[in-house]
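Visitor: Before anything else, here's the structure in question.
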Amino acid sequence: MADLLTATAVRKDFGGLVAVNDIDFTIPERSIVSLIGPNGAGKTTFFNMLTGVYNPTAGRIVFAGVDVTGKPPHAITELGVGRTFQNIRLFSFMTALENVLVGMHARLTGGIVRSILRTPGLRREERVARDRARELLRFSGLRGRDDELARNLPYGDQRRLEVARALATEPQLLLLDEPTAGMNPQETDAFTGFVSRLRSEQDLSVLLIEHDMRVVMGVSDRVTVLDYGEKIAEGTPKEIQHDERVIEAYLGTGATA
Amino acid sequence: MLVGLIVVWLLVNFFKDPSEFAAVFLIGLTNGTVYGLVAIGYTLVYGILQLINFAHGDVFALSGLVSFTVLVDWLGVTPADSTAVAVGGILFTLVVVMAVFATVNVTIEFVAYRRLRHAPRLAALITAIGMSFIVQNVGLALYDVDFRSASGLIPRTNVFEIGDVSYTWNKFMVILITVPVLVLLTWFVASTRHGKAMRATAQDRDAAAMLGINVNRTISVTFALAGALAAVGGVLFLTQFNMRYDTGFELGLIAFTAAVLGGIGNLTGAVLGATLIGLIQAFNEGLAWHAPGSDWTRSIVFGILIAILVFRPEGLLGERTPEGA
């Protein structure tokens, strides 16, 4: 299978601190891969480099054949990378539907002048966009919540709305940063099923940062483990579960002795 | 208590001379809409950058002076011309000056504020004050200290006359131009894709960028809108009053007060605040019975600014809804 994303020797220094140390990483097409590791291992920093929030200190990131190293976030999103955030960052004073429509921004073509003149083509585009947004909300399990302000939605729905909003950018690759944090077991199970459906029904790859091992082991094709900015293991969920360095990183030295 | 006294004072004035009261009310309403055009510029920019763009009042004043050049020097419109010529000239001037000052405002952001976006807020604020002096002194250099005015182009014939109360076309034109502009702006921000991008950027810039919104471009659009609205204010002010290079200093502060009064970052709030300030100023200067008079206008307006900041910093329209429509 071809690789959708290839990161080569990617590194990020913050002053003297090496947050991510020369990591090689690939995401095959239509795969679900997970990034795990203790807090502060550099997972989110790595995410932020993939999405253009941080410029890598060194290394190269290629997405769908395009070198995206150091490109601004909106340009990377346009190429097809969508993401959610560790702590929910919805536009809380907008409705669920508006949040999704904002996600479609880069895929719509109506310029400012056409928006003001309301040409027939623009009206059609807006109508199609609204229908698609409603469909995404339904797909994400938010039927009937269209006109609710994002801030008034229950926690689990806010998480779902973040995914719906990210899907609206029409990504080929979706990055989910701890999507089940703060969810109860039922919500987590439902979400795990949802992630699997993303691949089967929306035809995209998923990169997951997650602490809940049941989720990681349940959906991932491949798991990569980071510790202190280094890649310490990579493999199938089964291989990772039995990897000594991983157990050590999570439980501390001595646990395996 | 204070509010009660003011209400009593207004009521007494109303019953003593209803027609005078109504006339003063209309003047306040008209002036308030001009303040509103400038106040929206403060509120738009604050909403998206959390920056008080002190140069905005001076951009307004310069736009008024430039519109004098276009309307009087180039087009040569004088009060002797027919109303049709005057209206045509004013509309043409509006289009030109709006385009010019949208560009000027975008340039100011690009040159002075963009690089400071991640600097401490004080740095941007001081730069804004510096920009204010620069724009003001450009006005001084180009137009010297003389006052300019283009009043009297629109005839002072009455739109309506009820008893002693009359309202002239000259003043009504201000409302006639401002209201559609405000409605269009509110609709633009609330409903179009670009308006949504503005609101998204105002609420969470990083998340907006991550959804494919070009943040720099969106901020430029915001400055362009603010500049264009200030220019509308400049043209209309020129047709009503005298203005010169430093007119924008005080008017800018008044408009800023209006924006704070309504709730900074809130579009409807800016218009509401500006209308109230316009009315307060008109009542204070125009009512016959025990009005403090124009000597006190500044003290009252800026007293309101302080009172709002102390007692209700979020403004009249409640909670902070960035770019709320």
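Residue names in the structure tokens use chain letters A, B, ... in the order shown, residue numbers from 1 in each chain, and ligand numbers from 1 in the order shown.
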Residues of chain A near chain B: apply a cut-off of 9 Å, count only C-alpha atoms, and supply the list as a VMD selection string.
Guide: chain A and resid 51 to 53 72 to 78 81 to 85 89 to 94 98 to 99 101 to 108 110 to 112 115 to 116 126 165 to 166 168 to 169
Visitor: Select from region 39-232 of chain A everything DSSP, run on the backbone, classes as strand (DSSP E or B), then give the selection as a PyMOL selection string.
Guide: chain A and resi 58-63+66-67+81-83+95+149+173-177+205-209+222-227+230-232
Visitor: Mind the document's chain letters and residue numbers, and return as a PyMOL selection string the residues of region 5-250 of chain A that DSSP labels helix (DSSP H, G or I).
Guide: chain A and resi 43-50+73-79+96-103+105-107+112-117+120-139+150-152+155-168+185-202+213-219+237-241+244-250
Visitor: At what distance in Å, to one decimal, does CA of Pro179 (chain A) lie from CA of Ile247 (chain A)?
Guide: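 Going from CA of Ile247 (chain A) over to CA of Pro179 (chain A), I get 23.1 Å.
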Visitor: Please identify all polymer residues within 9 Å of Leu50 (chain A), counting only C-alpha atoms, omitting same-chain residues fewer than 4 positions from it, and present them as a list in words.
Guide: Ala7, Thr45, Phe46, Tyr54, Asn55, Pro56, Ile61, Phe63, Val68, Thr69, Pro73, Ile76 and Val81 of chain A
Visitor: What would the file look like if the residues just selected were written as a short mmCIF file (atom, residue, chain, number, x, y, z; two decimals), in the first residue's frame with C-alpha atoms?
Guide:
data_model
loop_
_atom_site.label_atom_id
_atom_site.label_comp_id
_atom_site.auth_asym_id
_atom_site.auth_seq_id
_atom_site.Cartn_x
_atom_site.Cartn_y
_atom_site.Cartn_z
CA ALA A 7 7.91 12.04 7.79
CA THR A 45 4.29 18.38 19.18
CA PHE A 46 4.58 15.84 16.38
CA TYR A 54 5.10 24.27 14.37
CA ASN A 55 7.94 24.38 11.87
CA PRO A 56 10.18 21.35 12.29
CA ILE A 61 7.23 15.90 5.81
CA PHE A 63 1.86 14.45 2.28
CA VAL A 68 4.46 20.28 3.29
CA THR A 69 7.37 21.01 5.64
CA PRO A 73 -1.80 25.32 8.58
CA ILE A 76 -1.91 21.87 4.72
CA VAL A 81 -5.23 17.00 6.48
#
Visitor: Between CA of Arg244 (chain B) and CA of Phe147 (chain B), what is the spacing in Å?
Guide: 4.7 Å
Visitor: Calculate how many Å separate CA of Gly121 (chain A) from CA of Arg138 (chain A), rounding to one decimal.
Guide: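 So the two atoms, CA of Gly121 (chain A) and CA of Arg138 (chain A), lie 26.0 Å apart.
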Visitor: Need to verify the contact set: Val12 (chain B), 12 Å, only C-alpha atoms, exclusion of same-chain residues closer than 4 positions in sequence. Can you return it as a PyMOL selection string?
Guide: chain B and resi 5-8+16-18+21+287-291
Visitor: Taking 2 positions as the minimum chain separation for residues in the same chain, which residues sit within 12 Å of region 147-150 of chain A when counting only C-alpha atoms? Answer as a ChimeraX atom specification.
Guide: /A:88-100,133-134,137,142-145,152-162,165
Visitor: Can you tell me, as an MDAnalysis selection string, what residues are no more than 9 Å from region 38-46 of chain B when counting only C-alpha atoms, ignoring any on the same chain fewer than 5 positions away?
Guide: chainID B and resid 33 51:54 56:57 60 202 219 222:223 225:234 251:252 254:260 263:271 273:274 322:323
Visitor: When distances are computed from only C-alpha atoms, which of B:Ile175, B:Val235, B:Met1, B:Ile154 shows the smallest separation from Val70 (chain B)?
Guide: B:Val235
Visitor: Find the spatial neighbours of region 223-230 of chain A, counting only C-alpha atoms, within a cut-off of 10 Å - ignore same-chain residues fewer than 3 positions away - and output them as a compact mmCIF listing (two decimals) with N, CA and C atoms, in the first residue's frame.
Guide:
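This went into result_21.txt:
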# COMPACT_ATOMS: atom_id res chain seq x y z
N ARG A 11 12.41 16.65 13.50
CA ARG A 11 12.96 17.02 14.79
C ARG A 11 12.40 18.37 15.22
N LYS A 12 12.14 18.51 16.51
CA LYS A 12 11.73 19.82 17.02
C LYS A 12 12.44 20.12 18.32
N ASP A 13 13.18 21.23 18.33
CA ASP A 13 13.84 21.69 19.56
C ASP A 13 13.08 22.90 20.08
N LEU A 17 15.55 22.02 24.80
CA LEU A 17 14.76 20.79 24.95
C LEU A 17 14.46 20.17 23.58
N VAL A 18 14.79 18.90 23.45
CA VAL A 18 14.45 18.20 22.21
C VAL A 18 13.09 17.54 22.42
N ALA A 19 12.05 18.12 21.84
CA ALA A 19 10.70 17.60 22.06
C ALA A 19 10.42 16.39 21.17
N VAL A 20 10.93 16.45 19.94
CA VAL A 20 10.79 15.33 19.01
C VAL A 20 12.15 15.13 18.36
N ASN A 21 12.67 13.89 18.44
CA ASN A 21 14.06 13.67 18.06
C ASN A 21 14.17 12.75 16.84
N ASP A 22 14.38 13.36 15.68
CA ASP A 22 14.65 12.63 14.43
C ASP A 22 13.74 11.43 14.23
N ILE A 23 12.47 11.68 14.11
CA ILE A 23 11.52 10.58 13.98
C ILE A 23 11.18 10.31 12.52
N ASP A 24 11.24 9.04 12.14
CA ASP A 24 10.74 8.60 10.84
C ASP A 24 9.37 8.00 11.08
N PHE A 25 8.43 8.34 10.20
CA PHE A 25 7.06 7.91 10.46
C PHE A 25 6.30 7.90 9.14
N ILE A 32 -5.43 2.96 9.92
CA ILE A 32 -5.60 3.65 11.19
C ILE A 32 -4.34 3.38 12.00
N VAL A 33 -3.56 4.42 12.22
CA VAL A 33 -2.34 4.24 13.01
C VAL A 33 -2.44 5.08 14.27
N SER A 34 -1.81 4.60 15.33
CA SER A 34 -1.89 5.31 16.60
C SER A 34 -0.51 5.72 17.07
N LEU A 35 -0.52 6.83 17.80
CA LEU A 35 0.70 7.34 18.41
C LEU A 35 0.43 7.33 19.90
N ILE A 36 1.23 6.55 20.64
CA ILE A 36 1.01 6.53 22.09
C ILE A 36 2.33 6.86 22.79
N GLY A 37 2.23 7.04 24.07
CA GLY A 37 3.41 7.38 24.86
C GLY A 37 2.99 8.15 26.09
N PRO A 38 3.86 8.17 27.10
CA PRO A 38 3.53 8.88 28.34
C PRO A 38 3.33 10.38 28.07
N ASN A 39 2.72 11.09 29.00
CA ASN A 39 2.57 12.54 28.86
C ASN A 39 3.93 13.19 28.64
N GLY A 40 3.97 14.16 27.71
CA GLY A 40 5.21 14.87 27.46
C GLY A 40 6.15 14.11 26.54
N ALA A 41 5.67 13.04 25.91
CA ALA A 41 6.55 12.25 25.05
C ALA A 41 6.77 12.93 23.70
N GLY A 42 6.00 13.95 23.40
CA GLY A 42 6.17 14.66 22.13
C GLY A 42 5.11 14.34 21.10
N LYS A 43 4.02 13.70 21.53
CA LYS A 43 2.99 13.29 20.58
C LYS A 43 2.30 14.50 19.95
N THR A 45 3.31 17.58 19.94
CA THR A 45 4.29 18.38 19.18
C THR A 45 4.43 17.81 17.77
N PHE A 46 4.49 16.49 17.68
CA PHE A 46 4.58 15.84 16.38
C PHE A 46 3.35 16.16 15.53
N LEU A 207 -4.91 9.13 11.99
CA LEU A 207 -3.80 9.07 12.94
C LEU A 207 -4.37 9.47 14.29
N LEU A 208 -4.19 8.57 15.26
CA LEU A 208 -4.86 8.72 16.54
C LEU A 208 -3.81 8.90 17.64
N ILE A 209 -3.97 9.94 18.45
CA ILE A 209 -3.22 10.00 19.71
C ILE A 209 -4.21 9.60 20.77
N VAL A 216 -6.99 2.12 21.45
CA VAL A 216 -5.81 1.98 20.59
C VAL A 216 -5.72 0.56 20.06
N MET A 217 -5.81 -0.43 20.96
CA MET A 217 -5.62 -1.81 20.56
C MET A 217 -6.80 -2.29 19.71
N SER A 220 -6.45 0.08 15.86
CA SER A 220 -5.24 0.42 15.10
C SER A 220 -4.73 -0.72 14.23
N ALA A 233 9.27 2.14 19.86
CA ALA A 233 8.72 0.89 19.33
C ALA A 233 7.70 1.20 18.25
N GLU A 234 7.49 0.24 17.38
CA GLU A 234 6.49 0.37 16.33
C GLU A 234 6.06 -1.02 15.91
N GLY A 235 4.77 -1.24 15.72
CA GLY A 235 4.33 -2.55 15.31
C GLY A 235 2.83 -2.70 15.42
N THR A 236 2.37 -3.95 15.26
CA THR A 236 0.94 -4.20 15.41
C THR A 236 0.58 -4.07 16.90
N PRO A 237 -0.69 -3.87 17.20
CA PRO A 237 -1.08 -3.75 18.61
C PRO A 237 -0.55 -4.91 19.45
N LYS A 238 -0.60 -6.11 18.89
CA LYS A 238 -0.16 -7.28 19.63
C LYS A 238 1.33 -7.19 19.98
N GLU A 239 2.13 -6.82 18.98
CA GLU A 239 3.57 -6.71 19.20
C GLU A 239 3.88 -5.67 20.28
N ILE A 240 3.14 -4.55 20.20
CA ILE A 240 3.40 -3.46 21.15
C ILE A 240 3.07 -3.88 22.58
N GLN A 241 1.99 -4.62 22.70
CA GLN A 241 1.57 -5.03 24.05
C GLN A 241 2.63 -5.88 24.75
N ARG A 245 10.40 -2.54 26.08
CA ARG A 245 10.72 -1.11 26.24
C ARG A 245 9.44 -0.31 26.47
N VAL A 246 8.36 -0.75 25.84
CA VAL A 246 7.10 -0.03 26.01
C VAL A 246 6.58 -0.19 27.43
N ALA A 249 8.62 1.96 29.63
CA ALA A 249 8.32 3.39 29.53
C ALA A 249 7.03 3.73 30.28
N TYR A 250 6.07 2.82 30.23
CA TYR A 250 4.80 3.12 30.88
C TYR A 250 4.84 2.84 32.37
Visitor: Looking at B:Leu11, B:Val145, B:Ala22, B:Thr93, which one is nearest to Glu161 (chain B), with distances taken over only C-alpha atoms?
Guide: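 Looking at the shortest contact to Glu161 (chain B), the residue is B:Ala22.
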